[in-house]
$ cat data-v1.pdb   # PDB, C-alpha atoms
ATOM      1  CA  MET A 152     -65.842  96.020 -94.538
ATOM      2  CA  THR A 153     -68.525  98.165 -96.157
ATOM      3  CA  ILE A 154     -71.139  99.704 -93.917
ATOM      4  CA  ARG A 155     -74.534 100.477 -95.397
ATOM      5  CA  ARG A 156     -75.740 103.831 -94.135
ATOM      6  CA  ARG A 157     -79.393 104.803 -94.414
ATOM      7  CA  ASN A 158     -80.182 108.440 -95.212
ATOM      8  CA  SER A 159     -83.832 108.230 -94.237
ATOM      9  CA  ILE A 160     -86.228 105.824 -92.639
ATOM     10  CA  PRO A 161     -89.702 105.825 -94.240
ATOM     11  CA  ASP A 162     -92.898 106.349 -92.229
ATOM     12  CA  LEU A 163     -91.199 108.227 -89.351
ATOM     13  CA  SER A 164     -91.592 111.813 -88.314
ATOM     14  CA  GLU A 165     -88.790 114.184 -89.381
ATOM     15  CA  ARG A 166     -87.548 114.499 -85.772
ATOM     16  CA  ALA A 167     -87.457 110.718 -85.206
ATOM     17  CA  ASN A 168     -85.757 110.254 -88.583
ATOM     18  CA  ARG A 169     -82.988 112.766 -87.663
ATOM     19  CA  GLU A 170     -82.434 111.138 -84.260
ATOM     20  CA  LEU A 171     -82.162 107.621 -85.704
ATOM     21  CA  ILE A 172     -79.780 108.774 -88.451
ATOM     22  CA  ALA A 173     -77.608 110.526 -85.825
ATOM     23  CA  LEU A 174     -77.555 107.364 -83.666
ATOM     24  CA  GLN A 175     -76.656 105.310 -86.732
ATOM     25  CA  ASP A 176     -73.748 107.670 -87.486
ATOM     26  CA  GLU A 177     -72.499 107.415 -83.878
ATOM     27  CA  ILE A 178     -72.598 103.606 -84.014
ATOM     28  CA  ILE A 179     -70.697 103.578 -87.317
ATOM     29  CA  GLN A 180     -68.039 105.901 -85.862
ATOM     30  CA  GLU A 181     -67.679 103.788 -82.688
ATOM     31  CA  GLN A 182     -67.387 100.630 -84.790
ATOM     32  CA  ARG A 183     -64.557 102.208 -86.831
ATOM     33  CA  GLN A 184     -62.749 103.314 -83.657
ATOM     34  CA  LEU A 185     -63.011  99.844 -82.100
ATOM     35  CA  ARG A 186     -61.745  98.254 -85.310
ATOM     36  CA  ASP A 187     -58.795 100.670 -85.465
ATOM     37  CA  GLU A 188     -57.990  99.918 -81.818
ATOM     38  CA  ALA A 189     -58.146  96.153 -82.280
ATOM     39  CA  ILE A 190     -56.385  95.941 -85.625
ATOM     40  CA  GLY A 191     -54.250  99.056 -85.424
ATOM     41  CA  ILE A 192     -52.704 101.082 -88.186
ATOM     42  CA  THR A 193     -49.481 100.603 -90.102
ATOM     43  CA  THR A 194     -47.249 103.521 -90.981
ATOM     44  CA  ASP A 195     -45.154 104.029 -94.053
ATOM     45  CA  THR A 196     -41.544 102.881 -93.597
ATOM     46  CA  LYS A 197     -39.496 105.234 -91.410
ATOM     47  CA  GLN A 198     -35.814 105.709 -92.241
ATOM     48  CA  ARG A 199     -34.214 108.854 -90.847
ATOM     49  CA  THR A 200     -36.485 111.424 -89.266
ATOM     50  CA  PRO A 201     -37.729 111.344 -85.678
ATOM     51  CA  TYR A 202     -41.240 109.924 -85.428
ATOM     52  CA  ALA A 203     -43.928 110.245 -82.745
ATOM     53  CA  CYS A 204     -45.677 106.873 -82.479
ATOM     54  CA  ARG A 205     -49.393 106.522 -81.806
ATOM     55  CA  PHE A 206     -51.284 103.959 -79.772
ATOM     56  CA  ASN A 207     -52.109 100.705 -81.573
ATOM     57  CA  GLU A 208     -49.695 101.363 -84.402
ATOM     58  CA  ARG A 209     -47.240  99.233 -86.358
ATOM     59  CA  VAL A 210     -44.108 101.212 -87.186
ATOM     60  CA  ARG A 211     -41.894  99.809 -89.956
ATOM     61  CA  CYS A 212     -38.256 100.925 -89.779
ATOM     62  CA  SER A 213     -35.583 100.496 -92.440
ATOM     63  CA  VAL A 214     -32.585 102.345 -91.028
ATOM     64  CA  PRO A 215     -29.423 102.842 -93.108
ATOM     65  CA  THR A 216     -26.013 101.888 -91.681
ATOM     66  CA  GLY A 217     -24.692 104.456 -89.218
ATOM     67  CA  VAL A 218     -28.065 106.169 -88.764
ATOM     68  CA  THR A 219     -30.149 106.283 -85.574
ATOM     69  CA  LEU A 220     -33.908 106.639 -85.974
ATOM     70  CA  GLU A 221     -35.608 108.213 -82.942
ATOM     71  CA  LEU A 222     -39.090 106.928 -82.047
ATOM     72  CA  THR A 223     -41.119 108.611 -79.310
ATOM     73  CA  PHE A 224     -43.857 106.620 -77.567
ATOM     74  CA  PRO A 225     -46.816 108.363 -75.867
ATOM     75  CA  GLY A 226     -46.761 108.515 -72.077
ATOM     76  CA  ALA A 227     -48.187 105.740 -69.930
ATOM     77  CA  THR A 228     -51.278 106.793 -67.962
ATOM     78  CA  PRO A 229     -54.182 104.899 -66.380
ATOM     79  CA  LEU A 230     -56.149 105.544 -69.585
ATOM     80  CA  THR A 231     -53.502 103.828 -71.743
ATOM     81  CA  GLN A 232     -53.308 100.487 -69.990
ATOM     82  CA  ASN A 233     -52.864  97.612 -72.469
ATOM     83  CA  ARG A 234     -52.453  99.935 -75.437
ATOM     84  CA  TRP A 235     -49.763  98.641 -77.761
ATOM     85  CA  ILE A 236     -47.168  99.716 -80.304
ATOM     86  CA  GLU A 237     -45.340  97.323 -82.628
ATOM     87  CA  VAL A 238     -41.935  98.121 -84.105
ATOM     88  CA  LEU A 239     -40.759  96.131 -87.106
ATOM     89  CA  LYS A 240     -37.040  96.713 -87.700
ATOM     90  CA  LEU A 241     -36.525  95.514 -91.259
ATOM     91  CA  THR A 242     -32.730  95.769 -91.481
ATOM     92  CA  ALA A 243     -29.830  94.805 -89.226
ATOM     93  CA  ALA A 244     -28.130  98.088 -90.167
ATOM     94  CA  GLY A 245     -28.645 101.252 -88.141
ATOM     95  CA  THR A 246     -30.281 101.725 -84.761
ATOM     96  CA  VAL A 247     -33.833 102.453 -83.645
ATOM     97  CA  ARG A 248     -33.842 104.361 -80.339
ATOM     98  CA  ILE A 249     -37.145 104.464 -78.441
ATOM     99  CA  ARG A 250     -38.046 106.994 -75.745
ATOM    100  CA  ALA A 251     -41.356 107.729 -74.045
ATOM    101  CA  VAL A 252     -42.937 111.165 -73.587
ATOM    102  CA  SER A 253     -43.263 110.195 -69.927
ATOM    103  CA  GLY A 254     -42.336 106.987 -68.174
ATOM    104  CA  LEU A 255     -39.812 104.352 -69.156
ATOM    105  CA  ILE A 256     -39.139 101.846 -71.915
ATOM    106  CA  GLN A 257     -38.254  98.424 -70.491
ATOM    107  CA  GLY A 258     -37.462 100.126 -67.165
ATOM    108  CA  ALA A 259     -34.929 102.545 -68.724
ATOM    109  CA  ALA A 260     -35.040 106.076 -70.137
ATOM    110  CA  SER A 261     -34.536 104.725 -73.656
ATOM    111  CA  LEU A 262     -34.123 101.470 -75.535
ATOM    112  CA  SER A 263     -31.940 100.927 -78.617
ATOM    113  CA  LEU A 264     -32.863  98.224 -81.109
ATOM    114  CA  THR A 265     -29.919  97.106 -83.234
ATOM    115  CA  THR A 266     -31.151  93.716 -84.437
ATOM    116  CA  ALA A 267     -33.722  93.257 -87.184
ATOM    117  CA  GLY A 268     -36.935  91.835 -85.813
ATOM    118  CA  PHE A 269     -40.461  92.324 -84.536
ATOM    119  CA  TYR A 270     -40.849  94.119 -81.194
ATOM    120  CA  TYR A 271     -44.202  94.369 -79.409
ATOM    121  CA  PHE A 272     -44.605  96.920 -76.599
ATOM    122  CA  GLN A 273     -47.518  97.321 -74.228
ATOM    123  CA  SER A 274     -48.306 100.148 -71.794
ATOM    124  CA  ASP A 275     -48.627  99.149 -68.144
ATOM    125  CA  ALA A 276     -50.463 102.438 -67.364
ATOM    126  CA  LEU A 277     -48.044 103.216 -64.516
ATOM    127  CA  THR A 278     -44.336 103.221 -65.287
ATOM    128  CA  GLY A 279     -44.153 102.980 -69.057
ATOM    129  CA  TRP A 280     -43.817 100.532 -71.910
ATOM    130  CA  TRP A 281     -42.751  96.892 -71.668
ATOM    131  CA  MET A 282     -41.727  94.551 -74.447
ATOM    132  CA  GLN A 283     -43.960  91.516 -74.669
ATOM    133  CA  PRO A 284     -43.045  88.171 -76.211
ATOM    134  CA  ALA A 285     -43.818  88.417 -79.908
ATOM    135  CA  GLY A 286     -44.103  84.716 -80.694
ATOM    136  CA  SER A 287     -45.209  81.510 -79.092
ATOM    137  CA  SER A 288     -41.607  80.704 -78.179
ATOM    138  CA  GLY A 289     -41.614  83.334 -75.431
ATOM    139  CA  GLY A 290     -38.353  84.645 -74.032
ATOM    140  CA  ILE A 291     -36.656  87.938 -74.650
ATOM    141  CA  SER A 292     -36.173  89.419 -78.108
ATOM    142  CA  ASP A 293     -32.659  90.263 -79.234
ATOM    143  CA  GLY A 294     -31.738  93.873 -78.518
ATOM    144  CA  VAL A 295     -29.992  96.208 -76.127
ATOM    145  CA  TYR A 296     -31.556  96.548 -72.665
ATOM    146  CA  GLY A 297     -29.523  99.169 -70.841
ATOM    147  CA  ASP A 298     -26.211  97.525 -69.919
ATOM    148  CA  VAL A 299     -27.322  94.106 -71.198
ATOM    149  CA  THR A 300     -27.269  92.999 -74.849
ATOM    150  CA  VAL A 301     -29.460  90.017 -75.753
ATOM    151  CA  SER A 302     -28.568  88.020 -78.877
ATOM    152  CA  GLY A 303     -28.838  84.524 -80.293
ATOM    153  CA  GLY A 304     -32.636  84.574 -80.353
ATOM    154  CA  GLY A 305     -32.849  85.516 -76.669
ATOM    155  CA  THR A 306     -30.337  82.887 -75.497
ATOM    156  CA  VAL A 307     -27.141  84.950 -75.053
ATOM    157  CA  PHE A 308     -26.916  87.769 -72.476
ATOM    158  CA  THR A 309     -23.846  90.033 -72.549
ATOM    159  CA  VAL A 310     -23.178  92.764 -69.989
ATOM    160  CA  THR A 311     -21.324  95.750 -71.464
ATOM    161  CA  SER A 312     -17.837  96.443 -70.141
ATOM    162  CA  SER A 313     -19.041  99.711 -68.610
ATOM    163  CA  ALA A 314     -21.418  97.829 -66.326
ATOM    164  CA  ASN A 315     -20.566  96.959 -62.746
ATOM    165  CA  LEU A 316     -19.066  93.467 -62.320
ATOM    166  CA  THR A 317     -21.408  92.859 -59.394
ATOM    167  CA  ALA A 318     -24.359  93.403 -61.714
ATOM    168  CA  GLN A 319     -22.834  90.889 -64.128
ATOM    169  CA  ALA A 320     -22.461  88.330 -61.350
ATOM    170  CA  LYS A 321     -26.089  88.879 -60.279
ATOM    171  CA  LEU A 322     -27.268  88.451 -63.868
ATOM    172  CA  TYR A 323     -25.450  85.137 -64.310
ATOM    173  CA  ALA A 324     -26.667  83.931 -60.915
ATOM    174  CA  SER A 325     -30.280  84.752 -61.790
ATOM    175  CA  MET A 326     -29.957  82.985 -65.144
ATOM    176  CA  ARG A 327     -28.765  79.782 -63.464
ATOM    177  CA  GLY A 328     -31.826  79.827 -61.226
TER
END
$ encode --input "data-v1.pdb" --output "structure tokens"
Amino acid sequence: MTIRRRNSIPDLSERANRELIALQDEIIQEQRQLRDEAIGITTDTKQRTPYACRFNERVRCSVPTGVTLELTFPGATPLTQNRWIEVLKLTAAGTVRIRAVSGLIQGAASLSLTTAGFYYFQSDALTGWWMQPAGSSGGISDGVYGDVTVSGGGTVFTVTSSANLTAQAKLYASMRG
């Protein structure tokens, strides 16, 4: 969207002209910031190097087989409530590991994404970042959540062998309702 900026306003004193131009510039800047916050920005495709994510950003990842890409999310504070970060993992190869500067990711210190897909995270302003449903189907996106691996489009939950069997029993009991 093109914004038409006026450099002068006829028939006003020099002082009034400067003040109105300055107000116009402030409004244009605020409009750009609001647009960036609502629409966000998209990065170039990340492959190997660690990357510090920004608020309201779409991060595309194309990770080669056997490589782990480290993403760092900003910390969750009261000023960051409802800020978002989207991660688009383009390939099934490789791993994207997400950590936060402060707070948690999905209630854990880190989260590893091994399945290609779209992942939408939102700051809760208190404890960290939480994955939100990305589509109208709801449910949980495929990925690794601590000791639980979700696959099959969010329909299959597998507890890793290192996890406590009691935790596995609780998981199955909660899934049955």
$ residues_around --input "data-v1.pdb" --residues "Asn158 (chain A)" --least-positions-apart "2" --cutoff "12 Å" --atoms "all atoms listed in the file" --output "list of chain:residue names"
A:Arg155, A:Arg156, A:Ile160, A:Pro161, A:Glu165, A:Asn168, A:Arg169, A:Glu170, A:Leu171, A:Ile172, A:Ala173, A:Leu174, A:Gln175, A:Asp176
$ write_last_selection --input "data-v1.pdb" --atoms "C-alpha atoms" --output "compact mmCIF listing (two decimals), keeping the file's coordinate frame"
# COMPACT_ATOMS: atom_id res chain seq x y z
CA ARG A 155 -74.53 100.48 -95.40
CA ARG A 156 -75.74 103.83 -94.14
CA ILE A 160 -86.23 105.82 -92.64
CA PRO A 161 -89.70 105.82 -94.24
CA GLU A 165 -88.79 114.18 -89.38
CA ASN A 168 -85.76 110.25 -88.58
CA ARG A 169 -82.99 112.77 -87.66
CA GLU A 170 -82.43 111.14 -84.26
CA LEU A 171 -82.16 107.62 -85.70
CA ILE A 172 -79.78 108.77 -88.45
CA ALA A 173 -77.61 110.53 -85.82
CA LEU A 174 -77.56 107.36 -83.67
CA GLN A 175 -76.66 105.31 -86.73
CA ASP A 176 -73.75 107.67 -87.49
$ atom_distance --input "data-v1.pdb" --atom1 "CA of Val210 (chain A)" --atom2 "CA of Ile179 (chain A)"
26.7 Å
$ residues_around --input "data-v1.pdb" --residues "Gly297 (chain A)" --least-positions-apart "2" --cutoff "7 Å" --atoms "only C-alpha atoms" --output "list in words"
Ala259, Leu262, Val295 and Val299 of chain A
$ resolve_selection --input "data-v1.pdb" --expression "the PyMOL selection byres ((chain A and resi 279) around 8)" --output "list of chain:residue names"
A:Gly226, A:Ala227, A:Ala251, A:Ser253, A:Gly254, A:Leu255, A:Ile256, A:Gln257, A:Gly258, A:Ser274, A:Asp275, A:Ala276, A:Leu277, A:Thr278, A:Trp280, A:Trp281
$ closest_residue --input "data-v1.pdb" --among "A:Ser164, A:Gln180, A:Thr242, A:Thr223" --to "Gln198 (chain A)" --atoms "only C-alpha atoms"
A:Thr242
$ closest_residue --input "data-v1.pdb" --among "A:Ile178, A:Tyr296, A:Arg166, A:Val301" --to "Ala260 (chain A)" --atoms "only C-alpha atoms"
A:Tyr296
$ atom_distance --input "data-v1.pdb" --atom1 "CA of Thr194 (chain A)" --atom2 "CA of Cys212 (chain A)"
9.4 Å
$ resolve_selection --input "data-v1.pdb" --expression "the PyMOL selection byres ((chain A and resi 230-238) around 10)" --output "MDAnalysis selection string"
chainID A and resid 188:189 191:193 204:212 222 224:229 239:241 247 249 264 268:277 279:283 285
$ atom_distance --input "data-v1.pdb" --atom1 "CA of Gly245 (chain A)" --atom2 "CA of Thr219 (chain A)"
5.8 Å
$ build_atoms --input "data-v1.pdb" --residues "region 219-255 of chain A" --atoms "N, CA and C atoms" --output "PDB file, in the frame of the given file"
ATOM      1  N   THR A 219     -29.285 106.613 -86.707  1.00  0.00           N
ATOM      2  CA  THR A 219     -30.149 106.283 -85.574  1.00  0.00           C
ATOM      3  C   THR A 219     -31.501 106.944 -85.793  1.00  0.00           C
ATOM      4  N   LEU A 220     -32.544 106.147 -85.830  1.00  0.00           N
ATOM      5  CA  LEU A 220     -33.908 106.639 -85.974  1.00  0.00           C
ATOM      6  C   LEU A 220     -34.506 106.773 -84.579  1.00  0.00           C
ATOM      7  N   GLU A 221     -35.001 107.956 -84.252  1.00  0.00           N
ATOM      8  CA  GLU A 221     -35.608 108.213 -82.942  1.00  0.00           C
ATOM      9  C   GLU A 221     -37.119 108.008 -83.024  1.00  0.00           C
ATOM     10  N   LEU A 222     -37.652 107.115 -82.177  1.00  0.00           N
ATOM     11  CA  LEU A 222     -39.090 106.928 -82.047  1.00  0.00           C
ATOM     12  C   LEU A 222     -39.508 107.409 -80.666  1.00  0.00           C
ATOM     13  N   THR A 223     -40.602 108.147 -80.593  1.00  0.00           N
ATOM     14  CA  THR A 223     -41.119 108.611 -79.310  1.00  0.00           C
ATOM     15  C   THR A 223     -42.467 107.954 -79.073  1.00  0.00           C
ATOM     16  N   PHE A 224     -42.601 107.253 -77.942  1.00  0.00           N
ATOM     17  CA  PHE A 224     -43.857 106.620 -77.567  1.00  0.00           C
ATOM     18  C   PHE A 224     -44.657 107.599 -76.706  1.00  0.00           C
ATOM     19  N   PRO A 225     -45.998 107.541 -76.759  1.00  0.00           N
ATOM     20  CA  PRO A 225     -46.816 108.363 -75.867  1.00  0.00           C
ATOM     21  C   PRO A 225     -46.579 107.957 -74.411  1.00  0.00           C
ATOM     22  N   GLY A 226     -46.921 108.819 -73.498  1.00  0.00           N
ATOM     23  CA  GLY A 226     -46.761 108.515 -72.077  1.00  0.00           C
ATOM     24  C   GLY A 226     -47.723 107.449 -71.597  1.00  0.00           C
ATOM     25  N   ALA A 227     -47.332 106.769 -70.526  1.00  0.00           N
ATOM     26  CA  ALA A 227     -48.187 105.740 -69.930  1.00  0.00           C
ATOM     27  C   ALA A 227     -49.038 106.380 -68.834  1.00  0.00           C
ATOM     28  N   THR A 228     -50.350 106.266 -68.955  1.00  0.00           N
ATOM     29  CA  THR A 228     -51.278 106.793 -67.962  1.00  0.00           C
ATOM     30  C   THR A 228     -52.334 105.723 -67.686  1.00  0.00           C
ATOM     31  N   PRO A 229     -53.134 105.896 -66.630  1.00  0.00           N
ATOM     32  CA  PRO A 229     -54.182 104.899 -66.380  1.00  0.00           C
ATOM     33  C   PRO A 229     -55.128 104.689 -67.564  1.00  0.00           C
ATOM     34  N   LEU A 230     -55.269 105.685 -68.422  1.00  0.00           N
ATOM     35  CA  LEU A 230     -56.149 105.544 -69.585  1.00  0.00           C
ATOM     36  C   LEU A 230     -55.506 104.762 -70.723  1.00  0.00           C
ATOM     37  N   THR A 231     -54.194 104.509 -70.643  1.00  0.00           N
ATOM     38  CA  THR A 231     -53.502 103.828 -71.743  1.00  0.00           C
ATOM     39  C   THR A 231     -53.146 102.386 -71.435  1.00  0.00           C
ATOM     40  N   GLN A 232     -53.653 101.864 -70.340  1.00  0.00           N
ATOM     41  CA  GLN A 232     -53.308 100.487 -69.990  1.00  0.00           C
ATOM     42  C   GLN A 232     -53.669  99.533 -71.122  1.00  0.00           C
ATOM     43  N   ASN A 233     -52.728  98.641 -71.436  1.00  0.00           N
ATOM     44  CA  ASN A 233     -52.864  97.612 -72.469  1.00  0.00           C
ATOM     45  C   ASN A 233     -52.875  98.147 -73.899  1.00  0.00           C
ATOM     46  N   ARG A 234     -52.638  99.433 -74.076  1.00  0.00           N
ATOM     47  CA  ARG A 234     -52.453  99.935 -75.437  1.00  0.00           C
ATOM     48  C   ARG A 234     -51.126  99.393 -75.933  1.00  0.00           C
ATOM     49  N   TRP A 235     -50.966  99.266 -77.240  1.00  0.00           N
ATOM     50  CA  TRP A 235     -49.763  98.641 -77.761  1.00  0.00           C
ATOM     51  C   TRP A 235     -49.166  99.430 -78.908  1.00  0.00           C
ATOM     52  N   ILE A 236     -47.885  99.188 -79.144  1.00  0.00           N
ATOM     53  CA  ILE A 236     -47.168  99.716 -80.304  1.00  0.00           C
ATOM     54  C   ILE A 236     -46.235  98.605 -80.765  1.00  0.00           C
ATOM     55  N   GLU A 237     -46.237  98.325 -82.068  1.00  0.00           N
ATOM     56  CA  GLU A 237     -45.340  97.323 -82.628  1.00  0.00           C
ATOM     57  C   GLU A 237     -44.278  98.028 -83.462  1.00  0.00           C
ATOM     58  N   VAL A 238     -43.039  97.589 -83.313  1.00  0.00           N
ATOM     59  CA  VAL A 238     -41.935  98.121 -84.105  1.00  0.00           C
ATOM     60  C   VAL A 238     -41.365  96.962 -84.919  1.00  0.00           C
ATOM     61  N   LEU A 239     -41.335  97.134 -86.217  1.00  0.00           N
ATOM     62  CA  LEU A 239     -40.759  96.131 -87.106  1.00  0.00           C
ATOM     63  C   LEU A 239     -39.485  96.723 -87.690  1.00  0.00           C
ATOM     64  N   LYS A 240     -38.338  96.251 -87.194  1.00  0.00           N
ATOM     65  CA  LYS A 240     -37.040  96.713 -87.700  1.00  0.00           C
ATOM     66  C   LYS A 240     -36.666  95.780 -88.842  1.00  0.00           C
ATOM     67  N   LEU A 241     -36.687  96.324 -90.059  1.00  0.00           N
ATOM     68  CA  LEU A 241     -36.525  95.514 -91.259  1.00  0.00           C
ATOM     69  C   LEU A 241     -35.083  95.173 -91.591  1.00  0.00           C
ATOM     70  N   THR A 242     -34.131  95.984 -91.134  1.00  0.00           N
ATOM     71  CA  THR A 242     -32.730  95.769 -91.481  1.00  0.00           C
ATOM     72  C   THR A 242     -31.878  95.637 -90.228  1.00  0.00           C
ATOM     73  N   ALA A 243     -30.762  94.921 -90.349  1.00  0.00           N
ATOM     74  CA  ALA A 243     -29.830  94.805 -89.226  1.00  0.00           C
ATOM     75  C   ALA A 243     -28.962  96.054 -89.119  1.00  0.00           C
ATOM     76  N   ALA A 244     -28.927  96.861 -90.166  1.00  0.00           N
ATOM     77  CA  ALA A 244     -28.130  98.088 -90.167  1.00  0.00           C
ATOM     78  C   ALA A 244     -28.837  99.161 -89.339  1.00  0.00           C
ATOM     79  N   GLY A 245     -28.073 100.128 -88.855  1.00  0.00           N
ATOM     80  CA  GLY A 245     -28.645 101.252 -88.141  1.00  0.00           C
ATOM     81  C   GLY A 245     -29.239 100.875 -86.798  1.00  0.00           C
ATOM     82  N   THR A 246     -29.732 101.896 -86.103  1.00  0.00           N
ATOM     83  CA  THR A 246     -30.281 101.725 -84.761  1.00  0.00           C
ATOM     84  C   THR A 246     -31.627 102.427 -84.671  1.00  0.00           C
ATOM     85  N   VAL A 247     -32.560 101.815 -83.967  1.00  0.00           N
ATOM     86  CA  VAL A 247     -33.833 102.453 -83.645  1.00  0.00           C
ATOM     87  C   VAL A 247     -33.807 102.719 -82.143  1.00  0.00           C
ATOM     88  N   ARG A 248     -33.846 103.994 -81.757  1.00  0.00           N
ATOM     89  CA  ARG A 248     -33.842 104.361 -80.339  1.00  0.00           C
ATOM     90  C   ARG A 248     -35.245 104.800 -79.957  1.00  0.00           C
ATOM     91  N   ILE A 249     -35.777 104.191 -78.883  1.00  0.00           N
ATOM     92  CA  ILE A 249     -37.145 104.464 -78.441  1.00  0.00           C
ATOM     93  C   ILE A 249     -37.104 105.182 -77.092  1.00  0.00           C
ATOM     94  N   ARG A 250     -37.869 106.252 -76.998  1.00  0.00           N
ATOM     95  CA  ARG A 250     -38.046 106.994 -75.745  1.00  0.00           C
ATOM     96  C   ARG A 250     -39.541 107.216 -75.557  1.00  0.00           C
ATOM     97  N   ALA A 251     -39.952 107.441 -74.329  1.00  0.00           N
ATOM     98  CA  ALA A 251     -41.356 107.729 -74.045  1.00  0.00           C
ATOM     99  C   ALA A 251     -41.502 109.197 -73.658  1.00  0.00           C
ATOM    100  N   VAL A 252     -42.654 109.784 -73.986  1.00  0.00           N
ATOM    101  CA  VAL A 252     -42.937 111.165 -73.587  1.00  0.00           C
ATOM    102  C   VAL A 252     -42.844 111.275 -72.071  1.00  0.00           C
ATOM    103  N   SER A 253     -43.396 110.294 -71.383  1.00  0.00           N
ATOM    104  CA  SER A 253     -43.263 110.195 -69.927  1.00  0.00           C
ATOM    105  C   SER A 253     -43.216 108.715 -69.579  1.00  0.00           C
ATOM    106  N   GLY A 254     -42.491 108.383 -68.549  1.00  0.00           N
ATOM    107  CA  GLY A 254     -42.336 106.987 -68.174  1.00  0.00           C
ATOM    108  C   GLY A 254     -41.100 106.376 -68.811  1.00  0.00           C
ATOM    109  N   LEU A 255     -41.003 105.075 -68.733  1.00  0.00           N
ATOM    110  CA  LEU A 255     -39.812 104.352 -69.156  1.00  0.00           C
ATOM    111  C   LEU A 255     -40.119 103.372 -70.280  1.00  0.00           C
TER     112      LEU A 255
END
